[in-house]
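Visitor: Quick one: this structure, given as structure tokens, is what I'll be asking you about.
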Amino acid sequence: MLIWLIFSAGNSFAQDFLPLLSDNYAGINQAPLQPAAIVDSRFDRDWNLMGFNCDIYTDAMLFNSKWLRSPLSVLTNKGWWDKNTYLVKPNGEEKNFFMSQSIMGPGFLVSLGEKHAIGFTYRLRSITNTDDLTEPLFRSVYNQYNDQEYWDQWYLDNKMRSVQHIFGDYALIYAGQLMNKGPHFLKAGASLKFLQGIASAYVQTDSLIFYYDEYAGPTGNAISWNSPYVHGGLSGNWGSYDNSNGGFDYSMQYQITDKPSVGFDIGLVYEYRPKFKQYMYNVDGRRYLVRKDRTKYLFKVGISLLDVGRLKYEKMYNSFNMIVTSTPDYLQRYAWNDNSLPDDTYWMDVTKSSFSFLEYASFVDTLYHRYLNDQGVEKAEDDPGYFKVKLPTAFSLQVDYKVYRRFFVNLTTYTALNQRFTDMPNSHYVSNYSITARYEHKWVTVAVPVQINQYKKVNVGLGIRTPYFYIGITNFLSAMFKDRPGLDIYFGAKLSIFQGRPRADVDNDIWAF
């Protein structure tokens, strides 16, 4: 059940859009990280037309730096994955893999006077997690069991899990000013999300015992999978079974698979403005206004709680929690290091029981028929018939400091929650901490982020924004010199209308402090 969940990038191929999100001219694109950012924006109107983000983090493989010569080939070249990835040297440690892909569709920001703003974002999101696979299992799956080092002996993988979740995220955003008193400015925002569940699948067990024998079984390439309990589920909307040939016709539809749901983000931002009088003016002797076309703080601090919510899916009829005993006495043989196999082993051909993205549903159906025919698969009596997938909830801290005029330095932490083994199925991001230096101007921003993630991998990247497009590769500079354990790329198009300078007043008494 693993390779589809682990390596779906090979076929289909927030912390999304970092380091763009620290830019005061990012507009509506900041809302997924900090919903309060849209009020007191540098834009009177801002439209995101389309954006794409792909993040891959792993401690198990490396990406050839040569992919930078043609970065968009990751989307267009079907053979990209095999040509541009390879495994790290064996080190005996458990392996992890994370992938997030987001399409950010049409969205907008509208400033409403001085103290309010509203916005809307739409994202189509796919998140894949694979956690705590032992090295023998990960390397065997990646190499399609061609590594003879892992043949003809029992292996145990405990606390392994994989989850993929594809869903739509429609967010209505409101932000308002809470305080503007002297040098102290405070604003807050929230996003109310309509969640569209599209498809999900997961597998998790605290004991997977397996044995691969190239020559066993009726056709060879045989594996014996065994576990006292496997949590697993497959939602609908992956396609349909073709009764004429017994195969599975993969044809995912953009639709609501099960009950829609709601979620939310909340955020708060404090700004310290020691020179606040420089940014105030009087209009017609009535009141003091603040120049919204200027960035006014010396430093600001923001906090946000993101992606709170969950979606519920009914399991397909052939998908369930199970007990698997392909080898009847596998526990005893593993405990005694007995690498012989009995004749009544129910072998599976790994070349036909593929776990790839397009064939996972067929593999689930294979297990279902083994259950019907009493061939080493037993349905768990306590299976509820549904599963709930939490959103990848995270907590973020953002600190931005104005070094000199248009030069800033930013610290953004992104602490991913829902990572406990008991959070099941646990769709989650990877914790990421970044320090970004940037030059910021209304017409162009150039940012250089230095990031470290929870896999202890460091990346140095480059991001560029204009009022009409944005693009970045968050490990661009580090990948120029060394193959990296990850890939991060984003790009998109937008249209922005800046805040204007103070308007001319009727009696010509406009003045600044």
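Each chain in the structure tokens gets a letter, A, B, ..., in the order shown, and its residues are numbered from 1; ligands are numbered from 1 in order too.
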If you run DSSP on the backbone here, which positions in region 124-349 of chain A get helix (DSSP H, G or I)? Please write them as a ChimeraX atom specification.
Guide: /A:135-142,148-150,276-279,330-335
Visitor: I need the residues in region 60-115 of chain A that are strand (DSSP E or B) according to DSSP; give them as number ranges by chain.
Guide: A: 61-63, 85-87, 95-104, 107-112
Visitor: Give me a file of those residues, with C-alpha atoms, as a compact mmCIF listing (two decimals), in the first residue's frame.
Guide:
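Produced file result-v1.txt, reproduced below:
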```txt
# COMPACT_ATOMS: atom_id res chain seq x y z
CA MET A 61 16.75 11.05 -1.41
CA LEU A 62 18.53 13.82 -3.27
CA PHE A 63 17.55 15.89 -6.30
CA THR A 85 16.32 11.78 -8.00
CA TYR A 86 18.48 9.18 -6.27
CA LEU A 87 18.70 7.70 -2.77
CA LYS A 95 12.95 7.69 6.18
CA ASN A 96 10.40 10.44 5.66
CA PHE A 97 8.85 12.09 2.64
CA PHE A 98 6.57 15.13 2.32
CA MET A 99 5.04 16.75 -0.72
CA SER A 100 2.63 19.68 -1.01
CA GLN A 101 1.21 20.92 -4.27
CA SER A 102 -1.09 23.94 -4.42
CA ILE A 103 -2.86 25.65 -7.27
CA MET A 104 -3.94 29.09 -6.11
CA GLY A 107 -8.56 35.60 -5.49
CA PHE A 108 -8.86 39.24 -4.51
CA LEU A 109 -8.27 41.83 -1.80
CA VAL A 110 -10.38 44.96 -1.34
CA SER A 111 -9.46 47.72 1.13
CA LEU A 112 -12.50 49.27 2.80
```
Visitor: Can you write out as a tab-separated table which residues of region 250-333 of chain A fall within 8 Å of region 380-390 of chain A, alongside each residue's closest atom pair and its distance in Å to one decimal, counting only C-alpha atoms and ordering rows by chain and ascending residue number?
Guide:
```
residue	atom	partner	partner_atom	distance
A:Val308	CA	A:Lys390	CA	7.8
A:Gly309	CA	A:Lys390	CA	6.0
A:Arg310	CA	A:Lys390	CA	4.1
A:Leu311	CA	A:Val389	CA	5.3
A:Lys312	CA	A:Lys388	CA	4.3
A:Tyr313	CA	A:Phe387	CA	5.5
A:Glu314	CA	A:Tyr386	CA	4.2
A:Lys315	CA	A:Tyr386	CA	5.0
A:Phe320	CA	A:Asp383	CA	6.4
A:Asn321	CA	A:Ala380	CA	5.4
A:Met322	CA	A:Ala380	CA	4.8
A:Ile323	CA	A:Ala380	CA	6.5
```
Visitor: Quick one: residues within 8 Å of Lys402 (chain A), only C-alpha atoms counted, chain neighbours fewer than 5 positions away excluded, as a ChimeraX atom specification?
Guide: /A:297-299,407-409
Visitor: For the selection just defined, write its residues with N, CA and C atoms to a file, as a PDB file, in the first residue's frame.
Guide:
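The file below, out.pdb, is the result:
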```pdb
ATOM      1  N   TYR A 297       6.253  50.706   9.875  1.00  0.00           N
ATOM      2  CA  TYR A 297       6.792  50.150  11.106  1.00  0.00           C
ATOM      3  C   TYR A 297       8.314  50.051  11.094  1.00  0.00           C
ATOM      4  N   LEU A 298       8.887  50.047  12.308  1.00  0.00           N
ATOM      5  CA  LEU A 298      10.283  49.670  12.476  1.00  0.00           C
ATOM      6  C   LEU A 298      10.379  48.149  12.547  1.00  0.00           C
ATOM      7  N   PHE A 299       9.432  47.560  13.280  1.00  0.00           N
ATOM      8  CA  PHE A 299       9.316  46.108  13.294  1.00  0.00           C
ATOM      9  C   PHE A 299       7.865  45.720  13.522  1.00  0.00           C
ATOM     10  N   PHE A 407      15.216  47.928   2.892  1.00  0.00           N
ATOM     11  CA  PHE A 407      15.840  46.644   3.218  1.00  0.00           C
ATOM     12  C   PHE A 407      15.263  46.105   4.522  1.00  0.00           C
ATOM     13  N   PHE A 408      14.828  44.838   4.474  1.00  0.00           N
ATOM     14  CA  PHE A 408      14.171  44.199   5.606  1.00  0.00           C
ATOM     15  C   PHE A 408      14.810  42.835   5.862  1.00  0.00           C
ATOM     16  N   VAL A 409      14.617  42.361   7.082  1.00  0.00           N
ATOM     17  CA  VAL A 409      14.961  40.982   7.417  1.00  0.00           C
ATOM     18  C   VAL A 409      13.760  40.379   8.149  1.00  0.00           C
TER      19      VAL A 409
END
```
Visitor: Could you tell me how far CA of Val450 (chain A) sits from CA of Asp483 (chain A), in Å to one decimal place?
Guide: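 Between CA of Asp483 (chain A) and CA of Val450 (chain A) the gap works out to 16.3 Å.
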Visitor: Can you tell me how far CA of Tyr142 (chain A) sits from CA of His231 (chain A), in Å to one decimal?
Guide: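 Distance reported for this atom pair: 22.6 Å.
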Visitor: Might you pull out every residue within 12 Å of Gly220 (chain A), with only C-alpha atoms counted and same-chain residues fewer than 2 positions away left off, and present them as a PyMOL selection string?
Guide: chain A and resi 145+212-218+222-224+347-352
Visitor: For the selection just defined, write its residues with N, CA, C and O atoms to a file, as a PDB file, in the first residue's frame.
Guide:
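Okay, out-v3.pdb is ready:
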```pdb
ATOM      1  N   TYR A 145      12.381  -3.228  -5.544  1.00  0.00           N
ATOM      2  CA  TYR A 145      12.840  -4.505  -4.987  1.00  0.00           C
ATOM      3  C   TYR A 145      14.001  -5.116  -5.779  1.00  0.00           C
ATOM      4  O   TYR A 145      14.212  -6.321  -5.751  1.00  0.00           O
ATOM      5  N   TYR A 212      10.688 -10.516   1.111  1.00  0.00           N
ATOM      6  CA  TYR A 212      10.690 -10.511  -0.356  1.00  0.00           C
ATOM      7  C   TYR A 212      11.571 -11.636  -0.876  1.00  0.00           C
ATOM      8  O   TYR A 212      12.697 -11.837  -0.428  1.00  0.00           O
ATOM      9  N   ASP A 213      11.019 -12.397  -1.839  1.00  0.00           N
ATOM     10  CA  ASP A 213      11.754 -13.496  -2.486  1.00  0.00           C
ATOM     11  C   ASP A 213      11.512 -13.390  -3.979  1.00  0.00           C
ATOM     12  O   ASP A 213      10.388 -13.538  -4.458  1.00  0.00           O
ATOM     13  N   GLU A 214      12.582 -13.100  -4.719  1.00  0.00           N
ATOM     14  CA  GLU A 214      12.433 -12.887  -6.164  1.00  0.00           C
ATOM     15  C   GLU A 214      11.890 -14.126  -6.877  1.00  0.00           C
ATOM     16  O   GLU A 214      11.233 -14.009  -7.918  1.00  0.00           O
ATOM     17  N   TYR A 215      12.117 -15.304  -6.324  1.00  0.00           N
ATOM     18  CA  TYR A 215      11.792 -16.528  -7.051  1.00  0.00           C
ATOM     19  C   TYR A 215      10.575 -17.263  -6.488  1.00  0.00           C
ATOM     20  O   TYR A 215      10.174 -18.289  -7.029  1.00  0.00           O
ATOM     21  N   ALA A 216      10.000 -16.803  -5.403  1.00  0.00           N
ATOM     22  CA  ALA A 216       8.865 -17.489  -4.787  1.00  0.00           C
ATOM     23  C   ALA A 216       7.575 -17.160  -5.524  1.00  0.00           C
ATOM     24  O   ALA A 216       7.519 -16.276  -6.379  1.00  0.00           O
ATOM     25  N   GLY A 217       6.511 -17.889  -5.168  1.00  0.00           N
ATOM     26  CA  GLY A 217       5.216 -17.651  -5.781  1.00  0.00           C
ATOM     27  C   GLY A 217       5.141 -18.213  -7.177  1.00  0.00           C
ATOM     28  O   GLY A 217       6.137 -18.697  -7.746  1.00  0.00           O
ATOM     29  N   PRO A 218       3.985 -18.131  -7.783  1.00  0.00           N
ATOM     30  CA  PRO A 218       3.804 -18.728  -9.119  1.00  0.00           C
ATOM     31  C   PRO A 218       4.580 -18.021 -10.216  1.00  0.00           C
ATOM     32  O   PRO A 218       4.941 -18.633 -11.216  1.00  0.00           O
ATOM     33  N   ALA A 222       7.971 -12.062  -5.548  1.00  0.00           N
ATOM     34  CA  ALA A 222       6.913 -12.271  -4.568  1.00  0.00           C
ATOM     35  C   ALA A 222       7.260 -11.656  -3.222  1.00  0.00           C
ATOM     36  O   ALA A 222       8.420 -11.649  -2.796  1.00  0.00           O
ATOM     37  N   ILE A 223       6.230 -11.158  -2.559  1.00  0.00           N
ATOM     38  CA  ILE A 223       6.402 -10.576  -1.237  1.00  0.00           C
ATOM     39  C   ILE A 223       5.307 -11.088  -0.319  1.00  0.00           C
ATOM     40  O   ILE A 223       4.171 -11.350  -0.740  1.00  0.00           O
ATOM     41  N   SER A 224       5.665 -11.244   0.943  1.00  0.00           N
ATOM     42  CA  SER A 224       4.706 -11.628   1.979  1.00  0.00           C
ATOM     43  C   SER A 224       4.525 -10.442   2.913  1.00  0.00           C
ATOM     44  O   SER A 224       5.458 -10.024   3.597  1.00  0.00           O
ATOM     45  N   TRP A 347       1.565 -15.506  -1.430  1.00  0.00           N
ATOM     46  CA  TRP A 347       2.480 -14.550  -2.038  1.00  0.00           C
ATOM     47  C   TRP A 347       1.715 -13.516  -2.865  1.00  0.00           C
ATOM     48  O   TRP A 347       0.664 -13.795  -3.418  1.00  0.00           O
ATOM     49  N   MET A 348       2.308 -12.310  -2.947  1.00  0.00           N
ATOM     50  CA  MET A 348       1.803 -11.276  -3.843  1.00  0.00           C
ATOM     51  C   MET A 348       2.911 -10.901  -4.811  1.00  0.00           C
ATOM     52  O   MET A 348       4.075 -10.751  -4.408  1.00  0.00           O
ATOM     53  N   ASP A 349       2.568 -10.759  -6.068  1.00  0.00           N
ATOM     54  CA  ASP A 349       3.516 -10.352  -7.097  1.00  0.00           C
ATOM     55  C   ASP A 349       3.642  -8.833  -7.048  1.00  0.00           C
ATOM     56  O   ASP A 349       2.701  -8.112  -7.372  1.00  0.00           O
ATOM     57  N   VAL A 350       4.808  -8.336  -6.652  1.00  0.00           N
ATOM     58  CA  VAL A 350       4.958  -6.888  -6.487  1.00  0.00           C
ATOM     59  C   VAL A 350       4.901  -6.149  -7.820  1.00  0.00           C
ATOM     60  O   VAL A 350       4.638  -4.949  -7.855  1.00  0.00           O
ATOM     61  N   THR A 351       5.147  -6.845  -8.924  1.00  0.00           N
ATOM     62  CA  THR A 351       5.057  -6.165 -10.223  1.00  0.00           C
ATOM     63  C   THR A 351       3.605  -5.967 -10.654  1.00  0.00           C
ATOM     64  O   THR A 351       3.324  -5.142 -11.515  1.00  0.00           O
ATOM     65  N   LYS A 352       2.702  -6.735 -10.048  1.00  0.00           N
ATOM     66  CA  LYS A 352       1.285  -6.597 -10.391  1.00  0.00           C
ATOM     67  C   LYS A 352       0.495  -5.925  -9.273  1.00  0.00           C
ATOM     68  O   LYS A 352      -0.522  -5.287  -9.528  1.00  0.00           O
TER      69      LYS A 352
END
```
Visitor: With only C-alpha atoms as the atoms that count, which of A:Asp365, A:Asp157, A:Asp131, A:Asp293 lies nearest to Gly233 (chain A)?
Guide: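 Once distances to Gly233 (chain A) are computed over only C-alpha atoms, the minimum belongs to A:Asp365.
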Visitor: So, counting only C-alpha atoms, which residue among A:Val230, A:Val399, A:Arg420, A:Lys296 is closest to Asn180 (chain A)?
Guide: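 Under the stated criterion, the closest residue is A:Lys296.
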Visitor: Report, in Å to a single decimal, how far apart CA of Arg484 (chain A) and CA of Thr412 (chain A) are.
Guide: 21.6 Å
Visitor: Do a neighbour search on region 425-442 of chain A at 6 Å with only C-alpha atoms, toss out local chain neighbours closer than 3 positions, and write the hits as a ChimeraX atom specification.
Guide: /A:389,392,406-416,418,445-454
Visitor: Could you list, as number ranges by chain, every residue within 8 Å of Phe194 (chain A), counting only C-alpha atoms and ignoring same-chain residues fewer than 4 positions away?
Guide: A: 169-171, 260-263
